Amino acid sequence: MNPGIVDPPTVDSEWSMLQEPTINGVRVKDIRPVVTGDGCLTEVWRKDWDFDGLEIGQVFQRLLDPGAINGWHAHIVTTDRLFCAHGRVRVSLYDGRRSSPTFGAVWQRIIGAERPALILVPPGVWHAVTALGQRPSLLLNLVDQGYDYAAPDHRRLPLDTPHIPLRLR
Ligand SMILES: Cc1cn([C@H]2C[C@H](O)[C@@H](COP(=O)(O)OP(=O)(O)O[C@H]3O[C@H](C)C(=O)[C@H](O)[C@H]3O)O2)c(=O)[nH]c1=O
């Protein structure tokens, strides 16, 4: 038999995710849903988690059709907090900050209703979200400052940009 390669687990023996962020300033808060008699309840953000010490300036939702790839985006000053409330998505990140100790690093994590988590994406970190599975995915973004219609803090690169060493399709 061809020995192949060792297939490492994505979780430890407590089922905690092993994929620690490789990008400076990116944080992940895993959240455990509370199962109830008629469904479940999942917290999304609490001030006393001391997750980032930032404000919540706005919350918006983004519905993604199955297979949709939303990206690449980055912000100059805005911090995103991404939470997948329904369905399942892959969050892909690239550190585009030249001054960052992890400049050039990439990191990906799958989150969703079965494995809820809040992902903090600092300014300058390029991000893209891929909707997985066969049903629409609902992404919440709890940003630290509200969208400015007159001067959007929103930069975009095409999915096939040569500046980001990740191919999403
Ligand atoms: C953010 C925002 C946008 N808009 C308008 C502006 C555009 O005409 C339209 C789409 O906005 P945008 O291109 O920002 O949407 P997405 O491409 O889904 O990107 C947004 O959601 C993904 C997940 C990110 O991660 C981005 O950081 C975030 O900007 O909605 C508003 O009217 N209000 C808002 O708060």
# chains A, B, ... in the order shown; residues from 1 in each chain; ligands from 1
$ residues_around --residues "Arg109 of chain A" --least-positions-apart "4" --cutoff "9 Å" --atoms "only C-alpha atoms" --output "ChimeraX atom specification"
/A:19,21,89-93
$ residues_around --residues "Gly57 of chain A" --least-positions-apart "6" --cutoff "10 Å" --atoms "only C-alpha atoms" --output "list in words"
Thr78, Leu142, Val143, Asp144, Gln145, Gly146 and Tyr147 of chain A
$ residues_near_ligand --ligand "ligand 1" --cutoff "9 Å" --atoms "only C-alpha atoms and all ligand atoms" --output "ChimeraX atom specification"
/A:58-64,70-75,78-82,121,126-129,139-141,143,146-149,152-156
$ residues_around --residues "Glu20 of chain A" --least-positions-apart "2" --cutoff "12 Å" --atoms "only C-alpha atoms" --output "PyMOL selection string"
chain A and resi 10-11+16-18+22-30+106-109+119
$ write_last_selection --atoms "N, CA and C atoms" --output "PDB file, in the first residue's frame"
ATOM      1  N   THR A  10      -8.635  17.971  13.040  1.00  0.00           N
ATOM      2  CA  THR A  10      -8.851  19.417  13.146  1.00  0.00           C
ATOM      3  C   THR A  10      -9.230  19.802  14.573  1.00  0.00           C
ATOM      4  N   VAL A  11      -9.440  18.784  15.441  1.00  0.00           N
ATOM      5  CA  VAL A  11      -9.824  19.041  16.838  1.00  0.00           C
ATOM      6  C   VAL A  11      -8.938  18.207  17.761  1.00  0.00           C
ATOM      7  N   SER A  16     -11.973  20.607  20.837  1.00  0.00           N
ATOM      8  CA  SER A  16     -11.647  22.015  20.622  1.00  0.00           C
ATOM      9  C   SER A  16     -10.904  22.140  19.297  1.00  0.00           C
ATOM     10  N   MET A  17     -11.203  23.208  18.563  1.00  0.00           N
ATOM     11  CA  MET A  17     -10.576  23.391  17.264  1.00  0.00           C
ATOM     12  C   MET A  17      -9.077  23.648  17.430  1.00  0.00           C
ATOM     13  N   LEU A  18      -8.277  23.039  16.569  1.00  0.00           N
ATOM     14  CA  LEU A  18      -6.823  23.182  16.652  1.00  0.00           C
ATOM     15  C   LEU A  18      -6.290  24.299  15.763  1.00  0.00           C
ATOM     16  N   THR A  22      -3.336  32.296  12.568  1.00  0.00           N
ATOM     17  CA  THR A  22      -1.922  32.512  12.254  1.00  0.00           C
ATOM     18  C   THR A  22      -1.662  33.974  11.916  1.00  0.00           C
ATOM     19  N   ILE A  23      -2.676  34.812  12.083  1.00  0.00           N
ATOM     20  CA  ILE A  23      -2.555  36.222  11.703  1.00  0.00           C
ATOM     21  C   ILE A  23      -2.677  37.087  12.948  1.00  0.00           C
ATOM     22  N   ASN A  24      -1.711  37.974  13.118  1.00  0.00           N
ATOM     23  CA  ASN A  24      -1.664  38.836  14.289  1.00  0.00           C
ATOM     24  C   ASN A  24      -2.957  39.655  14.416  1.00  0.00           C
ATOM     25  N   GLY A  25      -3.574  39.617  15.600  1.00  0.00           N
ATOM     26  CA  GLY A  25      -4.774  40.411  15.852  1.00  0.00           C
ATOM     27  C   GLY A  25      -6.081  39.722  15.517  1.00  0.00           C
ATOM     28  N   VAL A  26      -6.006  38.624  14.777  1.00  0.00           N
ATOM     29  CA  VAL A  26      -7.236  37.861  14.488  1.00  0.00           C
ATOM     30  C   VAL A  26      -7.560  37.026  15.719  1.00  0.00           C
ATOM     31  N   ARG A  27      -8.816  37.051  16.118  1.00  0.00           N
ATOM     32  CA  ARG A  27      -9.223  36.276  17.291  1.00  0.00           C
ATOM     33  C   ARG A  27     -10.462  35.462  16.967  1.00  0.00           C
ATOM     34  N   VAL A  28     -10.603  34.344  17.682  1.00  0.00           N
ATOM     35  CA  VAL A  28     -11.778  33.506  17.491  1.00  0.00           C
ATOM     36  C   VAL A  28     -12.380  33.200  18.857  1.00  0.00           C
ATOM     37  N   LYS A  29     -13.667  33.395  18.962  1.00  0.00           N
ATOM     38  CA  LYS A  29     -14.390  33.017  20.174  1.00  0.00           C
ATOM     39  C   LYS A  29     -15.347  31.890  19.804  1.00  0.00           C
ATOM     40  N   ASP A  30     -15.020  30.688  20.263  1.00  0.00           N
ATOM     41  CA  ASP A  30     -15.935  29.579  20.026  1.00  0.00           C
ATOM     42  C   ASP A  30     -17.112  29.699  20.975  1.00  0.00           C
ATOM     43  N   VAL A 106      -1.750  33.519   5.623  1.00  0.00           N
ATOM     44  CA  VAL A 106      -3.143  33.203   5.291  1.00  0.00           C
ATOM     45  C   VAL A 106      -3.699  32.291   6.376  1.00  0.00           C
ATOM     46  N   TRP A 107      -4.994  32.304   6.519  1.00  0.00           N
ATOM     47  CA  TRP A 107      -5.646  31.450   7.537  1.00  0.00           C
ATOM     48  C   TRP A 107      -7.089  31.250   7.116  1.00  0.00           C
ATOM     49  N   GLN A 108      -7.615  30.059   7.360  1.00  0.00           N
ATOM     50  CA  GLN A 108      -9.009  29.789   7.018  1.00  0.00           C
ATOM     51  C   GLN A 108      -9.670  29.019   8.143  1.00  0.00           C
ATOM     52  N   ARG A 109     -10.949  29.236   8.297  1.00  0.00           N
ATOM     53  CA  ARG A 109     -11.696  28.518   9.328  1.00  0.00           C
ATOM     54  C   ARG A 109     -13.150  28.382   8.869  1.00  0.00           C
ATOM     55  N   ILE A 119     -15.467  35.560  14.718  1.00  0.00           N
ATOM     56  CA  ILE A 119     -14.099  35.792  14.232  1.00  0.00           C
ATOM     57  C   ILE A 119     -13.858  37.291  14.120  1.00  0.00           C
TER      58      ILE A 119
END
$ closest_residue --among "A:Leu118, A:Ile76, A:Cys40, A:Leu166" --to "Asp52 of chain A" --atoms "only C-alpha atoms"
A:Leu118
$ select_by_dssp --residues "chain A" --states "strand (DSSP E)" --output "ChimeraX atom specification"
/A:27-30,34-36,39-41,58-64,69-74,80-86,88-95,106-112,117-121,125-132,137-143,155-156
$ closest_residue --among "A:Ile31, A:Pro66, A:Ser100, A:Pro158" --to "Trp49 of chain A" --atoms "only C-alpha atoms"
A:Ile31
$ atom_distance --atom1 "atom CA of Pro116 of chain A" --atom2 "atom CA of Phe103 of chain A"
27.3 Å
$ atom_distance --atom1 "atom CA of Arg88 of chain A" --atom2 "atom CA of Asp48 of chain A"
26.5 Å
$ closest_residue --among "A:Pro33, A:Pro3, A:Gly124, A:Gly39" --to "Thr102 of chain A" --atoms "only C-alpha atoms"
A:Gly124
$ atom_distance --atom1 "atom CA of Gly96 of chain A" --atom2 "atom CA of Gly67 of chain A"
25.3 Å
$ decode --residues "segment 32-48 of chain A" --atoms "C-alpha atoms" --output "PDB file, in the first residue's frame"
ATOM      1  CA  ARG A  32     -21.533  26.634  22.484  1.00  0.00           C
ATOM      2  CA  PRO A  33     -25.229  26.649  21.607  1.00  0.00           C
ATOM      3  CA  VAL A  34     -27.700  25.880  24.391  1.00  0.00           C
ATOM      4  CA  VAL A  35     -30.041  23.138  23.284  1.00  0.00           C
ATOM      5  CA  THR A  36     -33.647  23.741  24.335  1.00  0.00           C
ATOM      6  CA  GLY A  37     -36.849  21.742  24.033  1.00  0.00           C
ATOM      7  CA  ASP A  38     -37.789  23.599  20.891  1.00  0.00           C
ATOM      8  CA  GLY A  39     -34.464  24.341  19.226  1.00  0.00           C
ATOM      9  CA  CYS A  40     -31.402  26.064  20.593  1.00  0.00           C
ATOM     10  CA  LEU A  41     -30.170  29.438  21.783  1.00  0.00           C
ATOM     11  CA  THR A  42     -26.779  30.793  20.748  1.00  0.00           C
ATOM     12  CA  GLU A  43     -25.163  33.901  22.167  1.00  0.00           C
ATOM     13  CA  VAL A  44     -23.379  36.024  19.568  1.00  0.00           C
ATOM     14  CA  TRP A  45     -21.503  38.707  21.510  1.00  0.00           C
ATOM     15  CA  ARG A  46     -21.203  39.766  25.131  1.00  0.00           C
ATOM     16  CA  LYS A  47     -19.338  42.791  26.465  1.00  0.00           C
ATOM     17  CA  ASP A  48     -18.091  40.707  29.408  1.00  0.00           C
TER      18      ASP A  48
END
